[in-house]
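Here the structure is laid out as structure tokens; the discussion comes afterwards.
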Amino acid sequence: MGDSTVPGPAMSGRLTQPGALVREAKAPAAPSRDETGYRGAGLAEALLRKVFQHLPFGFPVRLWAGAPFPVGAAASGAADSRFTLWFRNPWAVYTLILDKDPLRLAEAYFGSDVEIEGDLFAALRLKDHLETLKLPLGERVSALLMAHKLRRLNNDVLVEEPTGEAASTSGPFHGRVVRGHSKDENREAIHFHYDVSNEFYRLWLDRAMVYSCAYFEEADQSIDDAQQAKLEHICRKLLLEPGERLLDIGCGWGALVIHAARHYGVKAHGVTLSEKQLQVARQRIAEAGLEAQVTVELRDYRDLEGREIYDKVASVGMFEHVGLKNLPLYFDTVHRLLKPSGLFLNHGITHDQAGWDKNLSTEFINRYVFPDGQLEKISNIQGLMEDARFEIADVEALRPHYALTLRTWVQRLERRHARALEYVSEATYRVWRLYMSACALEFESGHIGIYQVLASKRGPQQARLPLTRRHLYD
């Protein structure tokens, strides 16, 4: 992902990486054909009409030259006017056909070769159809010939480097492929996502910088209040008492350990794999005067030593990075560290299907956002916890809360677009904007969910819980 500069629109350019034109001068918002020097706008229009002809809805498209035109079901007058796709150069059009990667359209957007004008959430309806936009053989051959012709027409203004599999695993927006979820792979994946810029995250997160699902009592509640409510909700579920030892696995910027120490008097310890998160967490702990109560360190959960050390253990938005094959080890590790009468709260995202099969959504997440991210069904998660000798005490679904959280983050990020570019590239901004918008829609559709699972060790010394949930709300 990095902070490499992605230039804006231009008079002409040289394509040095897929989706990223190196341009020499900025152009007006709607450049004409003569200004760009590109050819074949009419051919590109015919090609896009062919590609999207079977789409069940319609929307307008515009090119580097000419007037907007409808594609998809728009022929029947049912165009979705909430958004327009703007293809800024011929490369962005013909690679949709010549490159078999269905995510190339996303990369063209990241590289500013395609613009989404209007409602991004409406435009993301395209995602569900990109994998199924398969033309009959005759039309496919025709589209390929048209794409090659459009490419030849612009050979003198677009000089390309090789695309395909090599580019898709080493391009400017990609994280390193994670295969075994080793310690080195997980550390690098966390660095790829979380060490972008603390200031970038600070622009759109709440004051405490909580990068996980908030807890809304009302849909219009502020993100600051909703995140404080989430921290409080977790502490109440864990029945924290003064002097207890709390472990936070994946402590982020320190919000939970600080809240628990300040309001419940616990001695808290947090671990993270992000050096930049660690710096902020330690600074905030010092500013709060909690250095005697709260410690944080850079450590993999697998390297935590000891047995029956902690009264309570929390893991919030971390186990999605563990890897499905490592989940038994993860839960065994927590079981080893927890005291016999302790409580464990696991807060994390789940999938509506078992396993983590490769498809458009999983490939998008692993390629551009979380290289080590893998999700599992909640029923399978509970089964693994029970296999690790945990007894499930409480399960709470928070899916609508995460949809609200993500939409709030997107709004805040969009409002601070100009400031975000002080810390990250335009491409990085677009990756975050697109991924958080897409995730909001995934939560709203029910394809992914999020659960807080409270558990204790099985046995005669298990935690004594209240007979009702009244303590969570009084």
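To be explicit about the labels: the chains of the structure tokens are called A, B, and onward in the order shown, and within each one the residues are counted from 1, while ligands get numbers from 1 in the order they are shown.
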
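Near A:Lys237, within a cut-off of 8 Å and counting only C-alpha atoms, sit the residues His233, Ile234, Cys235, Leu239, Leu345, Leu454 and Leu472 of chain A, with same-chain residues fewer than 2 positions away left out.
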
Give me a file of those residues, with C-alpha atoms, as an mmCIF file, in the first residue's frame.
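Output file again17.cif is given in full below:
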data_model
loop_
_atom_site.group_PDB
_atom_site.id
_atom_site.type_symbol
_atom_site.label_atom_id
_atom_site.label_comp_id
_atom_site.auth_asym_id
_atom_site.auth_seq_id
_atom_site.Cartn_x
_atom_site.Cartn_y
_atom_site.Cartn_z
ATOM 1 C CA HIS A 233 -19.971 -2.930 27.802
ATOM 2 C CA ILE A 234 -16.890 -5.152 27.601
ATOM 3 C CA CYS A 235 -15.711 -4.228 31.085
ATOM 4 C CA LEU A 239 -17.086 -8.242 35.735
ATOM 5 C CA LEU A 345 -14.358 -12.203 26.026
ATOM 6 C CA LEU A 454 -18.093 -14.573 26.814
ATOM 7 C CA LEU A 472 -24.846 -4.904 31.929
#

Where in stretch 160-399 of chain A does DSSP assign helix (DSSP H, G or I), given as a ChimeraX atom specification?
/A:165-170,183-194,198-204,223-237,255-264,275-287,301-303,319-321,324-337,360-369,378-387,399

Quick one: residues within 12 Å of stretch 141-143 of chain A, only C-alpha atoms counted, chain neighbours fewer than 3 positions away excluded, as a short mmCIF file (atom, residue, chain, number, x, y, z; two decimals) with C-alpha atoms, in the first residue's frame?
data_model
loop_
_atom_site.label_atom_id
_atom_site.label_comp_id
_atom_site.auth_asym_id
_atom_site.auth_seq_id
_atom_site.Cartn_x
_atom_site.Cartn_y
_atom_site.Cartn_z
CA LEU A 43 -14.98 1.99 -29.70
CA ALA A 44 -14.65 2.11 -25.90
CA GLU A 45 -18.32 3.02 -25.57
CA ALA A 46 -19.37 0.05 -27.71
CA LEU A 47 -17.09 -2.23 -25.70
CA LEU A 48 -18.48 -1.12 -22.34
CA ARG A 49 -22.05 -1.46 -23.57
CA LYS A 50 -21.22 -5.05 -24.54
CA VAL A 51 -19.47 -5.86 -21.25
CA PHE A 52 -22.31 -4.59 -19.07
CA GLN A 53 -25.26 -5.51 -21.31
CA VAL A 93 -11.45 0.17 -20.43
CA TYR A 94 -9.59 -2.50 -22.36
CA THR A 95 -7.97 -4.14 -19.33
CA LEU A 96 -11.46 -5.07 -18.10
CA ILE A 97 -11.44 -7.55 -21.00
CA LEU A 98 -7.77 -8.36 -21.56
CA LYS A 134 -19.61 -13.69 -18.51
CA LEU A 135 -20.41 -13.13 -22.17
CA PRO A 136 -21.36 -15.92 -24.58
CA LEU A 137 -18.40 -17.21 -26.58
CA GLY A 138 -19.17 -15.23 -29.72
CA MET A 146 -12.46 -4.70 -29.75
CA ALA A 147 -10.23 -4.45 -26.65
CA HIS A 148 -7.10 -5.31 -28.65
CA LYS A 149 -8.05 -2.71 -31.25
CA LEU A 150 -8.55 -0.04 -28.57
#

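The residue set within 9 Å of A:Gly446, counting only C-alpha atoms and dropping same-chain residues fewer than 5 places from it, reads His351, Asp352, Arg399 and Leu441 of chain A.
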
Skipping near chain neighbours, those fewer than 4 positions away, what residues fall within 10 Å of stretch 410-419 of chain A using only C-alpha atoms, listed as a list in words?
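The contact residues come out as Glu199, Phe200, Tyr201, Arg202, Leu203, Trp204, Leu205, Asp206, Thr405, Leu406, Tyr423, Val424, Glu426, Tyr429, Arg430, Trp432, Arg433, Leu434, Tyr435, Met436, Ser437 and Ala440 of chain A.
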
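With distances restricted to only C-alpha atoms, A:Gly254 is the closest residue to A:Ala286 from A:Gly254, A:Leu298, A:Arg407, A:Leu124.
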
Just checking: using only C-alpha atoms, which residue out of A:Ala229, A:Ile249, A:Ala67, A:Val395 ends up closest to A:Ala455?
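Smallest distance to A:Ala455 is found for A:Val395.
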
Which is closer to A:Gly289 than all the others in A:Leu63, A:Ile258, A:Ala463, A:Leu105, using only C-alpha atoms?
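Of all the options, A:Ile258 lies closest to A:Gly289.
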
Enumerate the residues of stretch 45-110 of chain A with a DSSP assignment of strand (DSSP E or B), computed from the backbone, and present them as a ChimeraX atom specification.
/A:58-62,69-72,79,83-87

Take the residues from that selection and put them in a file with N, CA, C and O atoms, as an mmCIF file, in the first residue's frame.
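So part-v6.cif came out as:
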data_model
loop_
_atom_site.group_PDB
_atom_site.id
_atom_site.type_symbol
_atom_site.label_atom_id
_atom_site.label_comp_id
_atom_site.auth_asym_id
_atom_site.auth_seq_id
_atom_site.Cartn_x
_atom_site.Cartn_y
_atom_site.Cartn_z
ATOM 1 N N GLY A 58 -28.992 -0.526 -14.446
ATOM 2 C CA GLY A 58 -28.248 0.339 -15.346
ATOM 3 C C GLY A 58 -27.644 1.534 -14.640
ATOM 4 O O GLY A 58 -28.087 1.917 -13.548
ATOM 5 N N PHE A 59 -26.644 2.121 -15.259
ATOM 6 C CA PHE A 59 -26.021 3.324 -14.719
ATOM 7 C C PHE A 59 -25.293 4.042 -15.856
ATOM 8 O O PHE A 59 -24.971 3.429 -16.882
ATOM 9 N N PRO A 60 -25.038 5.339 -15.694
ATOM 10 C CA PRO A 60 -24.339 6.082 -16.738
ATOM 11 C C PRO A 60 -22.818 5.922 -16.651
ATOM 12 O O PRO A 60 -22.257 5.762 -15.567
ATOM 13 N N VAL A 61 -22.200 5.984 -17.803
ATOM 14 C CA VAL A 61 -20.737 5.915 -17.929
ATOM 15 C C VAL A 61 -20.280 7.101 -18.752
ATOM 16 O O VAL A 61 -20.973 7.533 -19.685
ATOM 17 N N ARG A 62 -19.138 7.641 -18.411
ATOM 18 C CA ARG A 62 -18.518 8.623 -19.312
ATOM 19 C C ARG A 62 -17.055 8.292 -19.483
ATOM 20 O O ARG A 62 -16.439 7.634 -18.629
ATOM 21 N N PHE A 69 -23.156 8.003 -21.356
ATOM 22 C CA PHE A 69 -24.069 7.078 -22.015
ATOM 23 C C PHE A 69 -24.454 5.978 -21.027
ATOM 24 O O PHE A 69 -23.710 5.682 -20.092
ATOM 25 N N PRO A 70 -25.631 5.360 -21.199
ATOM 26 C CA PRO A 70 -26.084 4.330 -20.259
ATOM 27 C C PRO A 70 -25.552 2.949 -20.624
ATOM 28 O O PRO A 70 -25.333 2.640 -21.798
ATOM 29 N N VAL A 71 -25.354 2.112 -19.617
ATOM 30 C CA VAL A 71 -25.004 0.702 -19.830
ATOM 31 C C VAL A 71 -25.921 -0.148 -18.963
ATOM 32 O O VAL A 71 -26.595 0.351 -18.071
ATOM 33 N N GLY A 72 -25.912 -1.457 -19.212
ATOM 34 C CA GLY A 72 -26.729 -2.368 -18.436
ATOM 35 C C GLY A 72 -28.195 -2.222 -18.755
ATOM 36 O O GLY A 72 -28.596 -1.949 -19.888
ATOM 37 N N ALA A 79 -32.064 3.423 -15.499
ATOM 38 C CA ALA A 79 -30.703 3.744 -15.069
ATOM 39 C C ALA A 79 -30.684 4.234 -13.628
ATOM 40 O O ALA A 79 -31.569 4.947 -13.178
ATOM 41 N N PHE A 83 -24.975 7.271 -9.310
ATOM 42 C CA PHE A 83 -23.527 7.270 -9.525
ATOM 43 C C PHE A 83 -23.224 7.162 -11.009
ATOM 44 O O PHE A 83 -24.043 6.708 -11.809
ATOM 45 N N THR A 84 -22.026 7.605 -11.362
ATOM 46 C CA THR A 84 -21.506 7.491 -12.721
ATOM 47 C C THR A 84 -20.086 6.953 -12.655
ATOM 48 O O THR A 84 -19.303 7.370 -11.792
ATOM 49 N N LEU A 85 -19.763 6.019 -13.543
ATOM 50 C CA LEU A 85 -18.376 5.563 -13.687
ATOM 51 C C LEU A 85 -17.702 6.388 -14.772
ATOM 52 O O LEU A 85 -18.220 6.508 -15.883
ATOM 53 N N TRP A 86 -16.543 6.948 -14.420
ATOM 54 C CA TRP A 86 -15.792 7.755 -15.367
ATOM 55 C C TRP A 86 -14.460 7.059 -15.652
ATOM 56 O O TRP A 86 -13.620 6.935 -14.778
ATOM 57 N N PHE A 87 -14.306 6.571 -16.898
ATOM 58 C CA PHE A 87 -13.065 5.950 -17.344
ATOM 59 C C PHE A 87 -12.185 7.050 -17.930
ATOM 60 O O PHE A 87 -12.492 7.609 -18.978
#

Which residue of A:His321, A:Tyr402, A:Ile349, A:Glu396 approaches A:Asn366 most closely, using only C-alpha atoms
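Of A:His321, A:Tyr402, A:Ile349, A:Glu396, the one nearest A:Asn366, counting only C-alpha atoms, is A:His321.
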
Taking 2 positions as the minimum chain separation for residues in the same chain, which residues sit within 7 Å of A:Lys267 when counting only C-alpha atoms? Answer as a PyMOL selection string.
chain A and resi 243-246+261+265+269+293-294

How would the residues just chosen look if you wrote them out with N, CA, C and O atoms as a PDB file, in the first residue's frame?
ATOM      1  N   GLY A 243      -7.831  -4.372  41.233  1.00  0.00           N
ATOM      2  CA  GLY A 243      -6.711  -5.252  41.539  1.00  0.00           C
ATOM      3  C   GLY A 243      -6.602  -6.465  40.647  1.00  0.00           C
ATOM      4  O   GLY A 243      -5.572  -7.161  40.667  1.00  0.00           O
ATOM      5  N   GLU A 244      -7.639  -6.756  39.848  1.00  0.00           N
ATOM      6  CA  GLU A 244      -7.553  -7.902  38.949  1.00  0.00           C
ATOM      7  C   GLU A 244      -6.561  -7.632  37.818  1.00  0.00           C
ATOM      8  O   GLU A 244      -6.298  -6.477  37.477  1.00  0.00           O
ATOM      9  N   ARG A 245      -6.072  -8.716  37.232  1.00  0.00           N
ATOM     10  CA  ARG A 245      -5.146  -8.600  36.108  1.00  0.00           C
ATOM     11  C   ARG A 245      -5.911  -8.887  34.813  1.00  0.00           C
ATOM     12  O   ARG A 245      -6.518  -9.946  34.654  1.00  0.00           O
ATOM     13  N   LEU A 246      -5.847  -7.912  33.905  1.00  0.00           N
ATOM     14  CA  LEU A 246      -6.534  -8.010  32.620  1.00  0.00           C
ATOM     15  C   LEU A 246      -5.518  -8.069  31.498  1.00  0.00           C
ATOM     16  O   LEU A 246      -4.583  -7.264  31.448  1.00  0.00           O
ATOM     17  N   ALA A 261      -8.428   0.315  33.457  1.00  0.00           N
ATOM     18  CA  ALA A 261      -7.625   0.730  34.607  1.00  0.00           C
ATOM     19  C   ALA A 261      -8.214   1.968  35.268  1.00  0.00           C
ATOM     20  O   ALA A 261      -8.296   2.056  36.506  1.00  0.00           O
ATOM     21  N   GLY A 265     -10.055   0.015  38.067  1.00  0.00           N
ATOM     22  CA  GLY A 265      -8.934  -0.219  38.976  1.00  0.00           C
ATOM     23  C   GLY A 265      -8.158  -1.493  38.745  1.00  0.00           C
ATOM     24  O   GLY A 265      -7.480  -1.991  39.659  1.00  0.00           O
ATOM     25  N   HIS A 269      -2.602  -5.326  30.959  1.00  0.00           N
ATOM     26  CA  HIS A 269      -1.455  -5.507  30.071  1.00  0.00           C
ATOM     27  C   HIS A 269      -1.970  -5.756  28.657  1.00  0.00           C
ATOM     28  O   HIS A 269      -2.872  -6.578  28.439  1.00  0.00           O
ATOM     29  N   GLN A 293      -0.250   1.031  36.542  1.00  0.00           N
ATOM     30  CA  GLN A 293      -1.336   0.071  36.378  1.00  0.00           C
ATOM     31  C   GLN A 293      -1.385  -0.589  35.005  1.00  0.00           C
ATOM     32  O   GLN A 293      -1.888  -1.704  34.876  1.00  0.00           O
ATOM     33  N   VAL A 294      -0.858   0.089  33.991  1.00  0.00           N
ATOM     34  CA  VAL A 294      -1.047  -0.378  32.623  1.00  0.00           C
ATOM     35  C   VAL A 294       0.295  -0.505  31.911  1.00  0.00           C
ATOM     36  O   VAL A 294       1.117   0.424  31.946  1.00  0.00           O
TER      37      VAL A 294
END

Please determine, counting only C-alpha atoms, which residue among A:Ala122, A:Val334, A:Val431, A:Ala403 has the shortest atom-to-atom distance to A:Lys312.
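Comparing A:Ala122, A:Val334, A:Val431, A:Ala403 against A:Lys312, the winner is A:Val334.
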